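Dumped run.cif below, it's mmCIF, C-alpha atoms and all ligand atoms:
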data_entry
#
loop_
_atom_site.label_atom_id
_atom_site.label_comp_id
_atom_site.auth_asym_id
_atom_site.auth_seq_id
_atom_site.Cartn_x
_atom_site.Cartn_y
_atom_site.Cartn_z
CA MET A 1 -20.23 7.25 5.83
CA THR A 2 -17.71 9.05 3.63
CA PRO A 3 -15.39 6.47 2.09
CA ALA A 4 -11.70 6.62 3.01
CA ILE A 5 -10.85 6.61 -0.69
CA GLU A 6 -13.17 7.25 -3.59
CA THR A 7 -12.16 7.48 -7.21
CA ALA A 8 -14.38 8.43 -10.12
CA GLY A 9 -13.45 7.60 -13.70
CA LEU A 10 -9.80 7.33 -12.74
CA THR A 11 -7.66 6.76 -15.81
CA LEU A 12 -3.91 6.53 -16.31
CA ARG A 13 -2.36 6.37 -19.75
CA TYR A 14 1.25 5.72 -20.57
CA GLY A 15 1.38 7.16 -24.08
CA ASN A 16 -1.25 5.28 -26.06
CA PHE A 17 -1.49 2.48 -23.49
CA THR A 18 -4.27 2.69 -20.90
CA ALA A 19 -2.97 1.10 -17.68
CA VAL A 20 -5.91 2.24 -15.50
CA ASN A 21 -9.20 2.49 -17.28
CA ASP A 22 -12.13 4.47 -15.87
CA VAL A 23 -11.82 3.08 -12.36
CA SER A 24 -14.47 4.10 -9.84
CA LEU A 25 -13.37 2.54 -6.57
CA ARG A 26 -14.72 3.06 -3.06
CA VAL A 27 -12.71 1.92 -0.08
CA ALA A 28 -14.71 2.15 3.13
CA THR A 29 -13.20 3.65 6.25
CA GLY A 30 -11.57 0.92 8.29
CA ALA A 31 -11.76 -1.56 5.40
CA ARG A 32 -9.36 -4.41 4.76
CA HIS A 33 -9.65 -4.11 1.01
CA ALA A 34 -7.64 -6.17 -1.48
CA LEU A 35 -6.89 -5.29 -5.06
CA ILE A 36 -6.27 -8.37 -7.16
CA GLY A 37 -5.88 -9.22 -10.83
CA PRO A 38 -3.58 -11.04 -13.23
CA ASN A 39 -0.07 -9.83 -14.08
CA GLY A 40 -0.18 -6.52 -15.89
CA ALA A 41 -3.78 -5.79 -14.84
CA GLY A 42 -2.78 -2.33 -13.66
CA LYS A 43 -2.78 -2.83 -9.88
CA THR A 44 0.53 -1.07 -9.26
CA SER A 45 -0.41 1.65 -11.75
CA LEU A 46 -3.62 2.27 -9.82
CA VAL A 47 -1.64 2.45 -6.57
CA HIS A 48 0.77 4.92 -8.20
CA THR A 49 -2.08 7.26 -9.13
CA LEU A 50 -3.80 6.94 -5.74
CA THR A 51 -0.68 7.81 -3.80
CA GLY A 52 0.50 10.50 -6.20
CA ASN A 53 3.61 8.80 -7.60
CA VAL A 54 2.17 9.22 -11.08
CA PRO A 55 -0.38 11.90 -11.99
CA ALA A 56 -3.76 10.62 -13.21
CA THR A 57 -4.57 11.27 -16.85
CA SER A 58 -8.22 11.92 -15.96
CA GLY A 59 -10.78 11.26 -13.25
CA THR A 60 -10.77 12.20 -9.59
CA ILE A 61 -9.44 10.86 -6.29
CA ARG A 62 -10.99 11.78 -2.95
CA LEU A 63 -9.46 11.08 0.40
CA GLY A 64 -12.05 11.21 3.20
CA GLY A 65 -14.23 13.33 0.90
CA GLU A 66 -11.47 15.81 0.05
CA GLU A 67 -10.24 15.90 -3.52
CA VAL A 68 -6.52 15.12 -3.75
CA THR A 69 -6.28 14.28 -7.48
CA THR A 70 -3.54 16.75 -8.30
CA LEU A 71 -1.75 16.91 -4.95
CA PRO A 72 1.86 15.71 -4.85
CA GLN A 73 2.62 12.54 -2.91
CA ALA A 74 4.04 14.35 0.15
CA ALA A 75 0.86 16.40 0.50
CA ARG A 76 -1.23 13.23 0.39
CA VAL A 77 0.98 11.66 3.08
CA ARG A 78 0.38 14.75 5.25
CA ARG A 79 -3.35 14.18 4.79
CA GLY A 80 -2.96 10.59 5.98
CA LEU A 81 -2.56 8.60 2.76
CA THR A 82 0.62 6.57 3.00
CA ARG A 83 2.09 3.87 0.87
CA THR A 84 4.56 1.45 2.40
CA PHE A 85 8.05 2.46 1.52
CA GLN A 86 9.91 0.14 -0.75
CA ILE A 87 13.09 -1.47 0.49
CA ASN A 88 15.19 0.48 -1.98
CA GLN A 89 13.90 3.67 -0.35
CA LEU A 90 15.26 2.68 3.05
CA PHE A 91 18.55 4.12 4.25
CA ARG A 92 20.22 0.77 4.29
CA GLY A 93 23.37 1.91 6.12
CA LEU A 94 21.37 3.49 8.95
CA THR A 95 19.90 1.50 11.78
CA VAL A 96 16.34 0.24 11.88
CA LEU A 97 15.55 2.74 14.65
CA GLU A 98 17.06 5.64 12.69
CA ASN A 99 15.00 4.77 9.62
CA VAL A 100 11.74 4.82 11.56
CA SER A 101 12.80 7.97 13.45
CA LEU A 102 13.46 9.78 10.18
CA ALA A 103 9.88 9.16 9.04
CA ILE A 104 8.57 10.58 12.32
CA LEU A 105 10.90 13.59 12.13
CA GLU A 106 9.76 14.28 8.59
CA ARG A 107 6.13 14.17 9.74
CA GLU A 108 6.76 16.48 12.68
CA ARG A 109 8.81 18.94 10.65
CA LYS A 110 6.01 19.19 8.10
CA THR A 111 3.09 19.44 10.48
CA ARG A 112 4.38 21.93 13.02
CA ASN A 113 7.38 23.95 14.03
CA PHE A 114 9.52 21.23 15.39
CA TRP A 115 12.72 22.37 17.05
CA ARG A 116 15.27 19.74 17.83
CA SER A 117 15.71 19.35 21.53
CA ALA A 118 16.71 16.49 23.76
CA ALA A 119 13.08 16.03 24.78
CA ALA A 120 11.91 16.02 21.17
CA ASP A 121 14.61 13.51 20.22
CA ARG A 122 13.51 11.30 23.09
CA ALA A 123 9.87 11.51 22.03
CA VAL A 124 10.78 10.56 18.46
CA ALA A 125 12.90 7.59 19.56
CA GLU A 126 10.15 6.47 21.93
CA GLU A 127 7.52 6.55 19.20
CA ALA A 128 9.87 4.77 16.79
CA ARG A 129 10.37 2.03 19.36
CA GLU A 130 6.59 1.66 19.69
CA HIS A 131 6.27 1.06 15.95
CA LEU A 132 9.17 -1.38 16.05
CA ALA A 133 7.59 -3.22 18.97
CA PHE A 134 4.38 -3.48 16.96
CA VAL A 135 6.18 -5.25 14.11
CA ASN A 136 8.21 -7.34 16.58
CA LEU A 137 11.51 -5.78 15.62
CA ASP A 138 12.53 -4.31 19.00
CA ALA A 139 15.53 -6.59 19.13
CA TYR A 140 16.77 -5.27 15.78
CA ALA A 141 16.50 -1.53 16.53
CA ALA A 142 20.26 -0.92 16.61
CA ARG A 143 21.11 -3.03 13.56
CA PRO A 144 21.76 -1.49 10.16
CA VAL A 145 18.85 -2.25 7.83
CA HIS A 146 21.09 -4.04 5.32
CA ALA A 147 22.03 -6.63 7.97
CA LEU A 148 18.43 -7.82 8.35
CA PRO A 149 16.94 -10.72 6.38
CA TYR A 150 14.67 -9.59 3.57
CA GLY A 151 11.45 -10.55 5.38
CA LEU A 152 12.38 -8.39 8.36
CA GLN A 153 13.31 -5.49 6.07
CA ARG A 154 9.74 -5.62 4.80
CA LEU A 155 8.54 -5.22 8.39
CA VAL A 156 10.80 -2.16 8.68
CA GLU A 157 8.89 -0.72 5.71
CA LEU A 158 5.69 -1.20 7.65
CA ALA A 159 7.11 0.46 10.79
CA ILE A 160 8.30 3.43 8.71
CA ALA A 161 4.85 3.80 7.17
CA LEU A 162 3.33 3.83 10.67
CA GLY A 163 5.74 6.66 11.51
CA THR A 164 3.85 8.88 9.06
CA LYS A 165 0.63 8.38 11.14
CA PRO A 166 -1.50 7.16 8.25
CA ARG A 167 -5.29 7.07 8.13
CA VAL A 168 -5.15 5.06 4.91
CA LEU A 169 -2.30 2.66 4.26
CA VAL A 170 -1.69 1.30 0.78
CA LEU A 171 0.43 -1.84 0.60
CA ASP A 172 1.67 -3.10 -2.76
CA GLU A 173 2.58 -6.76 -2.31
CA PRO A 174 3.84 -6.32 1.26
CA ALA A 175 5.14 -9.90 1.43
CA ALA A 176 6.50 -10.29 -2.11
CA GLY A 177 9.80 -12.14 -2.26
CA VAL A 178 9.48 -13.37 1.30
CA PRO A 179 9.37 -17.08 2.26
CA ALA A 180 5.83 -18.34 2.97
CA ALA A 181 6.30 -18.67 6.73
CA GLN A 182 7.43 -15.06 6.97
CA SER A 183 4.73 -13.68 4.70
CA GLU A 184 2.20 -15.10 7.17
CA ALA A 185 3.95 -13.16 9.92
CA ILE A 186 3.86 -9.96 7.87
CA PHE A 187 0.14 -10.35 7.18
CA GLU A 188 -0.52 -11.20 10.78
CA ARG A 189 1.00 -7.82 11.76
CA ILE A 190 -0.98 -6.04 9.03
CA HIS A 191 -4.12 -7.74 10.34
CA ALA A 192 -3.34 -6.49 13.86
CA LEU A 193 -3.22 -2.82 12.79
CA PRO A 194 -5.82 -0.59 14.48
CA ARG A 195 -9.33 -1.01 13.06
CA ASP A 196 -9.74 2.67 12.25
CA LEU A 197 -6.78 2.48 9.87
CA THR A 198 -8.02 1.78 6.35
CA LEU A 199 -5.98 -0.79 4.43
CA LEU A 200 -5.82 -1.24 0.68
CA PHE A 201 -3.44 -3.97 -0.39
CA VAL A 202 -2.30 -5.62 -3.58
CA GLU A 203 -1.54 -9.31 -3.15
CA HIS A 204 -0.97 -12.23 -5.50
CA ASP A 205 -1.28 -15.03 -2.96
CA MET A 206 -4.97 -15.86 -2.99
CA GLY A 207 -4.69 -17.76 0.28
CA LEU A 208 -3.59 -14.56 2.00
CA VAL A 209 -6.18 -12.48 0.17
CA PHE A 210 -9.08 -14.70 1.18
CA ARG A 211 -7.88 -14.86 4.75
CA PHE A 212 -7.16 -11.21 5.36
CA ALA A 213 -9.39 -9.21 3.02
CA GLU A 214 -12.99 -8.34 3.81
CA ARG A 215 -13.61 -6.75 0.43
CA ILE A 216 -11.94 -7.55 -2.88
CA THR A 217 -11.77 -5.59 -6.13
CA VAL A 218 -10.71 -7.48 -9.24
CA LEU A 219 -8.88 -5.51 -11.87
CA VAL A 220 -8.50 -6.85 -15.42
CA GLN A 221 -6.87 -4.93 -18.25
CA GLY A 222 -6.93 -1.74 -16.20
CA ALA A 223 -10.65 -1.84 -15.43
CA ILE A 224 -12.68 -3.13 -12.50
CA MET A 225 -14.14 -6.49 -13.46
CA THR A 226 -16.01 -7.06 -10.23
CA GLU A 227 -15.98 -6.36 -6.51
CA GLY A 228 -17.29 -8.29 -3.56
CA THR A 229 -16.72 -10.22 -0.38
CA PRO A 230 -14.13 -13.03 -0.40
CA ALA A 231 -16.98 -15.58 -0.67
CA GLU A 232 -18.50 -13.76 -3.64
CA ILE A 233 -15.16 -13.44 -5.43
CA GLN A 234 -14.29 -17.06 -4.75
CA ALA A 235 -17.58 -18.16 -6.30
CA ASP A 236 -17.26 -15.89 -9.35
CA GLU A 237 -16.75 -17.91 -12.53
CA ARG A 238 -15.25 -14.96 -14.45
CA VAL A 239 -12.63 -14.40 -11.76
CA ARG A 240 -11.74 -18.07 -11.82
CA GLU A 241 -11.38 -17.92 -15.59
CA VAL A 242 -9.01 -14.98 -15.33
CA TYR A 243 -6.89 -16.81 -12.78
CA LEU A 244 -6.94 -20.07 -14.68
CA GLY A 245 -5.02 -18.16 -17.28
CA ARG A 246 -7.05 -17.90 -20.44
CA ARG A 247 -8.06 -14.28 -20.09
CA GLY A 248 -5.22 -13.70 -17.65
CA HIS A 249 -2.58 -14.54 -20.24
CA HIS A 250 -4.40 -12.44 -22.71
CA ALA A 251 -4.49 -9.54 -20.26
CA ALA A 252 -0.79 -9.85 -19.56
CA ALA A 253 0.13 -9.99 -23.24
N1 LIG B 1 5.97 3.48 -16.93
C1 LIG B 1 5.29 2.71 -17.78
N2 LIG B 1 5.25 2.99 -19.09
C2 LIG B 1 4.54 2.21 -19.95
N3 LIG B 1 3.82 1.13 -19.58
C3 LIG B 1 3.83 0.81 -18.27
C4 LIG B 1 4.55 1.58 -17.30
N4 LIG B 1 4.35 1.00 -16.09
C5 LIG B 1 3.55 -0.06 -16.30
N5 LIG B 1 3.24 -0.17 -17.59
C6 LIG B 1 2.36 -1.19 -18.20
O1 LIG B 1 1.10 -1.05 -17.60
C7 LIG B 1 0.49 -2.34 -17.43
C8 LIG B 1 0.05 -2.50 -16.00
O2 LIG B 1 1.23 -2.64 -15.20
P1 LIG B 1 1.13 -2.72 -13.61
O3 LIG B 1 2.53 -2.89 -13.11
O4 LIG B 1 0.33 -1.61 -13.10
O5 LIG B 1 0.31 -4.08 -13.45
P2 LIG B 1 0.15 -5.00 -12.18
O6 LIG B 1 -1.27 -5.44 -12.17
O7 LIG B 1 0.66 -4.33 -10.96
O8 LIG B 1 1.07 -6.23 -12.58
P3 LIG B 1 1.91 -7.26 -11.65
O9 LIG B 1 0.88 -8.08 -10.96
O10 LIG B 1 2.64 -8.06 -12.68
O11 LIG B 1 2.77 -6.47 -10.75
C9 LIG B 1 1.51 -3.37 -17.90
O12 LIG B 1 1.18 -3.78 -19.21
C10 LIG B 1 2.82 -2.61 -17.87
O13 LIG B 1 3.70 -3.09 -18.85
#

What would you get if you wrote out this structure as structure tokens?
Ligand SMILES: Nc1ncnc2c1ncn2[C@@H]1O[C@H](COP(=O)(O)OP(=O)(O)OP(=O)(O)O)[C@@H](O)[C@H]1O
Amino acid sequence: MTPAIETAGLTLRYGNFTAVNDVSLRVATGARHALIGPNGAGKTSLVHTLTGNVPATSGTIRLGGEEVTTLPQAARVRRGLTRTFQINQLFRGLTVLENVSLAILERERKTRNFWRSAAADRAVAEEAREHLAFVNLDAYAARPVHALPYGLQRLVELAIALGTKPRVLVLDEPAAGVPAAQSEAIFERIHALPRDLTLLFVEHDMGLVFRFAERITVLVQGAIMTEGTPAEIQADERVREVYLGRRGHHAAA
């Protein structure tokens, strides 16, 4: 089966520094695939190139078999590759419902001639409410985003991403900065996403990674060190060494 994402020799340089080094990654359709590695390993840089925030220096990126290497981010989103929005990208003064509705409106405006009408507005609000119900935020729909606790704002990010109708969702530390009890709740919602939606996520908490990932790629100094099932990665001496710090500190230096 054609992978949801496939990169070949993907490289990203910042000046003389190679942040992503010759990465050939395959993410299967419907996968729950985690990207892990010590601080500074290049995880976020790899996400940036995949989603089109930063152009790759060399190599290729395919989305469902179609090459998207040089497409801008918005064009990749239209093809179904979405990255969760960061909190600072939310319209914090607008309500939760308005934020999710805007993502849907943007999608509709881009994909077909979408004339504003009462019926269209109703359809958008209805879909937005469905996404909010999915992340258990129905009760917060009318609140301004800034009034929500941080953990709930992160769930708004997820609802907004769903508003783009993704086929592949890339999540860069979806629960970072959130108290442990709430990060469980965020991952529980991510876990409940439809099985045909491919998930690639960066996560530091190994407990969450081993519970929710089915496939794990380990990145060290910009390159793939190994890839495997959670059991394989857990048993891998080299991975342990990286996380115990010796090579990890070196990598982060
Ligand atoms: N815009 C930039 N210009 C120059 N170097 C950068 C830039 N962005 C990141 N880097 C460097 O690239 C390396 C990889 O950073 P990146 O943020 O991708 O790692 P990471 O694995 O996501 O780390 P963390 O787990 O700490 O978030 C780091 O050494 C970082 O300092």

Q: Name each residue within 8 Å of ligand LIG 1 (chain B), counting only C-alpha atoms and all ligand atoms, as a list of chain:residue names.
A: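 If we count only C-alpha atoms and all ligand atoms, the neighbours of ligand LIG 1 (chain B) turn out to be A:Tyr14, A:Gly15, A:Phe17, A:Thr18, A:Ala19, A:Val20, A:Ile36, A:Gly37, A:Pro38, A:Asn39, A:Gly40, A:Ala41, A:Gly42, A:Lys43, A:Thr44, A:Ser45, A:Leu46, A:Val47, A:His204, A:Leu219, A:Gln221, A:Gly222, A:Ala252, A:Ala253.
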
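Take atom CA of Glu232 of chain A and atom CA of Gly30 of chain A: the distance between them is 20.1 Å.
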
(Q) With only C-alpha atoms as the counted atoms, please give the residues lying no more than 7 Å from Leu200 of chain A, apart from itself and same-chain residues fewer than 6 positions off, as an NGL selection string. (A) :A and (32-34 or 169-171)

**Q.** atom CA of Val23 of chain A to atom CA of Arg76 of chain A, distance in Å rounded to a single decimal
**A.** 19.4 Å

Q: Around the point (7.9, 3.8, 9.8), in the coordinates given by the file, pick out the residues reaching within 10 Å, counting only C-alpha atoms, and return them as a list in words.
A: Thr84, Phe85, Val96, Leu97, Glu98, Asn99, Val100, Ser101, Leu102, Ala103, Ile104, Glu127, Ala128, His131, Leu132, Leu155, Val156, Glu157, Leu158, Ala159, Ile160, Ala161, Leu162, Gly163, Thr164 and Lys165 of chain A

Do you know which residues are at most 6 Å from Ala8 of chain A counting all atoms listed in the file, after dropping those on the same chain fewer than 6 positions away, and could you put them as a PDB file with C-alpha atoms, in the coordinates of the input?
ATOM      1  CA  SER A  24     -14.470   4.100  -9.840  1.00  0.00           C
ATOM      2  CA  GLY A  59     -10.780  11.260 -13.250  1.00  0.00           C
ATOM      3  CA  THR A  60     -10.770  12.200  -9.590  1.00  0.00           C
TER       4      THR A  60
END

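Using all atoms listed in the file, the smallest distance between any of A:Met206, A:Ala56, A:Leu63, A:Ala4 and Asn21 of chain A comes from A:Ala56.
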
Generate N, CA and C atoms for segment 167-196 of chain A and emit them as a PDB file, in the coordinates of the input.
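What landed in out28.pdb:
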ATOM      1  N   ARG A 167      -3.884   7.421   7.924  1.00  0.00           N
ATOM      2  CA  ARG A 167      -5.290   7.070   8.130  1.00  0.00           C
ATOM      3  C   ARG A 167      -5.663   5.989   7.115  1.00  0.00           C
ATOM      4  N   VAL A 168      -4.974   6.067   5.954  1.00  0.00           N
ATOM      5  CA  VAL A 168      -5.150   5.060   4.910  1.00  0.00           C
ATOM      6  C   VAL A 168      -3.772   4.558   4.528  1.00  0.00           C
ATOM      7  N   LEU A 169      -3.596   3.242   4.592  1.00  0.00           N
ATOM      8  CA  LEU A 169      -2.300   2.660   4.260  1.00  0.00           C
ATOM      9  C   LEU A 169      -2.461   1.766   3.031  1.00  0.00           C
ATOM     10  N   VAL A 170      -1.641   2.066   2.023  1.00  0.00           N
ATOM     11  CA  VAL A 170      -1.690   1.300   0.780  1.00  0.00           C
ATOM     12  C   VAL A 170      -0.456   0.410   0.730  1.00  0.00           C
ATOM     13  N   LEU A 171      -0.680  -0.881   0.565  1.00  0.00           N
ATOM     14  CA  LEU A 171       0.430  -1.840   0.600  1.00  0.00           C
ATOM     15  C   LEU A 171       0.476  -2.588  -0.730  1.00  0.00           C
ATOM     16  N   ASP A 172       1.547  -2.412  -1.469  1.00  0.00           N
ATOM     17  CA  ASP A 172       1.670  -3.100  -2.760  1.00  0.00           C
ATOM     18  C   ASP A 172       2.539  -4.337  -2.570  1.00  0.00           C
ATOM     19  N   GLU A 173       1.904  -5.472  -2.524  1.00  0.00           N
ATOM     20  CA  GLU A 173       2.580  -6.760  -2.310  1.00  0.00           C
ATOM     21  C   GLU A 173       3.547  -6.714  -1.125  1.00  0.00           C
ATOM     22  N   PRO A 174       2.989  -6.511   0.079  1.00  0.00           N
ATOM     23  CA  PRO A 174       3.840  -6.320   1.260  1.00  0.00           C
ATOM     24  C   PRO A 174       4.715  -7.528   1.602  1.00  0.00           C
ATOM     25  N   ALA A 175       4.355  -8.702   1.070  1.00  0.00           N
ATOM     26  CA  ALA A 175       5.140  -9.900   1.430  1.00  0.00           C
ATOM     27  C   ALA A 175       5.813 -10.499   0.197  1.00  0.00           C
ATOM     28  N   ALA A 176       5.894  -9.732  -0.891  1.00  0.00           N
ATOM     29  CA  ALA A 176       6.500 -10.290  -2.110  1.00  0.00           C
ATOM     30  C   ALA A 176       7.968 -10.618  -1.860  1.00  0.00           C
ATOM     31  N   GLY A 177       8.395 -11.760  -2.367  1.00  0.00           N
ATOM     32  CA  GLY A 177       9.800 -12.140  -2.260  1.00  0.00           C
ATOM     33  C   GLY A 177      10.197 -12.711  -0.915  1.00  0.00           C
ATOM     34  N   VAL A 178       9.206 -12.912  -0.059  1.00  0.00           N
ATOM     35  CA  VAL A 178       9.480 -13.370   1.300  1.00  0.00           C
ATOM     36  C   VAL A 178       9.027 -14.827   1.414  1.00  0.00           C
ATOM     37  N   PRO A 179       9.804 -15.691   2.103  1.00  0.00           N
ATOM     38  CA  PRO A 179       9.370 -17.080   2.260  1.00  0.00           C
ATOM     39  C   PRO A 179       7.980 -17.168   2.915  1.00  0.00           C
ATOM     40  N   ALA A 180       7.237 -18.218   2.547  1.00  0.00           N
ATOM     41  CA  ALA A 180       5.830 -18.340   2.970  1.00  0.00           C
ATOM     42  C   ALA A 180       5.630 -18.147   4.472  1.00  0.00           C
ATOM     43  N   ALA A 181       6.496 -18.753   5.279  1.00  0.00           N
ATOM     44  CA  ALA A 181       6.300 -18.670   6.730  1.00  0.00           C
ATOM     45  C   ALA A 181       6.378 -17.213   7.188  1.00  0.00           C
ATOM     46  N   GLN A 182       7.289 -16.455   6.566  1.00  0.00           N
ATOM     47  CA  GLN A 182       7.430 -15.060   6.970  1.00  0.00           C
ATOM     48  C   GLN A 182       6.328 -14.166   6.411  1.00  0.00           C
ATOM     49  N   SER A 183       5.798 -14.532   5.239  1.00  0.00           N
ATOM     50  CA  SER A 183       4.730 -13.680   4.700  1.00  0.00           C
ATOM     51  C   SER A 183       3.491 -13.781   5.584  1.00  0.00           C
ATOM     52  N   GLU A 184       3.282 -14.945   6.177  1.00  0.00           N
ATOM     53  CA  GLU A 184       2.200 -15.100   7.170  1.00  0.00           C
ATOM     54  C   GLU A 184       2.402 -14.101   8.302  1.00  0.00           C
ATOM     55  N   ALA A 185       3.656 -14.036   8.781  1.00  0.00           N
ATOM     56  CA  ALA A 185       3.950 -13.160   9.920  1.00  0.00           C
ATOM     57  C   ALA A 185       3.717 -11.700   9.537  1.00  0.00           C
ATOM     58  N   ILE A 186       4.078 -11.340   8.317  1.00  0.00           N
ATOM     59  CA  ILE A 186       3.860  -9.960   7.870  1.00  0.00           C
ATOM     60  C   ILE A 186       2.360  -9.665   7.829  1.00  0.00           C
ATOM     61  N   PHE A 187       1.585 -10.584   7.262  1.00  0.00           N
ATOM     62  CA  PHE A 187       0.140 -10.350   7.180  1.00  0.00           C
ATOM     63  C   PHE A 187      -0.529 -10.386   8.541  1.00  0.00           C
ATOM     64  N   GLU A 188       0.032 -11.158   9.434  1.00  0.00           N
ATOM     65  CA  GLU A 188      -0.520 -11.200  10.780  1.00  0.00           C
ATOM     66  C   GLU A 188      -0.371  -9.822  11.447  1.00  0.00           C
ATOM     67  N   ARG A 189       0.779  -9.170  11.214  1.00  0.00           N
ATOM     68  CA  ARG A 189       1.000  -7.820  11.760  1.00  0.00           C
ATOM     69  C   ARG A 189       0.073  -6.800  11.083  1.00  0.00           C
ATOM     70  N   ILE A 190      -0.093  -6.957   9.763  1.00  0.00           N
ATOM     71  CA  ILE A 190      -0.980  -6.040   9.030  1.00  0.00           C
ATOM     72  C   ILE A 190      -2.407  -6.192   9.579  1.00  0.00           C
ATOM     73  N   HIS A 191      -2.785  -7.446   9.816  1.00  0.00           N
ATOM     74  CA  HIS A 191      -4.120  -7.740  10.340  1.00  0.00           C
ATOM     75  C   HIS A 191      -4.319  -7.113  11.723  1.00  0.00           C
ATOM     76  N   ALA A 192      -3.231  -7.009  12.482  1.00  0.00           N
ATOM     77  CA  ALA A 192      -3.340  -6.490  13.860  1.00  0.00           C
ATOM     78  C   ALA A 192      -3.340  -4.958  13.917  1.00  0.00           C
ATOM     79  N   LEU A 193      -3.222  -4.292  12.777  1.00  0.00           N
ATOM     80  CA  LEU A 193      -3.220  -2.820  12.790  1.00  0.00           C
ATOM     81  C   LEU A 193      -4.563  -2.309  13.321  1.00  0.00           C
ATOM     82  N   PRO A 194      -4.580  -1.092  13.887  1.00  0.00           N
ATOM     83  CA  PRO A 194      -5.820  -0.590  14.480  1.00  0.00           C
ATOM     84  C   PRO A 194      -6.973  -0.578  13.471  1.00  0.00           C
ATOM     85  N   ARG A 195      -8.175  -0.873  13.945  1.00  0.00           N
ATOM     86  CA  ARG A 195      -9.330  -1.010  13.060  1.00  0.00           C
ATOM     87  C   ARG A 195      -9.717   0.292  12.355  1.00  0.00           C
ATOM     88  N   ASP A 196      -9.353   1.430  12.929  1.00  0.00           N
ATOM     89  CA  ASP A 196      -9.740   2.670  12.250  1.00  0.00           C
ATOM     90  C   ASP A 196      -8.783   3.029  11.108  1.00  0.00           C
TER      91      ASP A 196
END
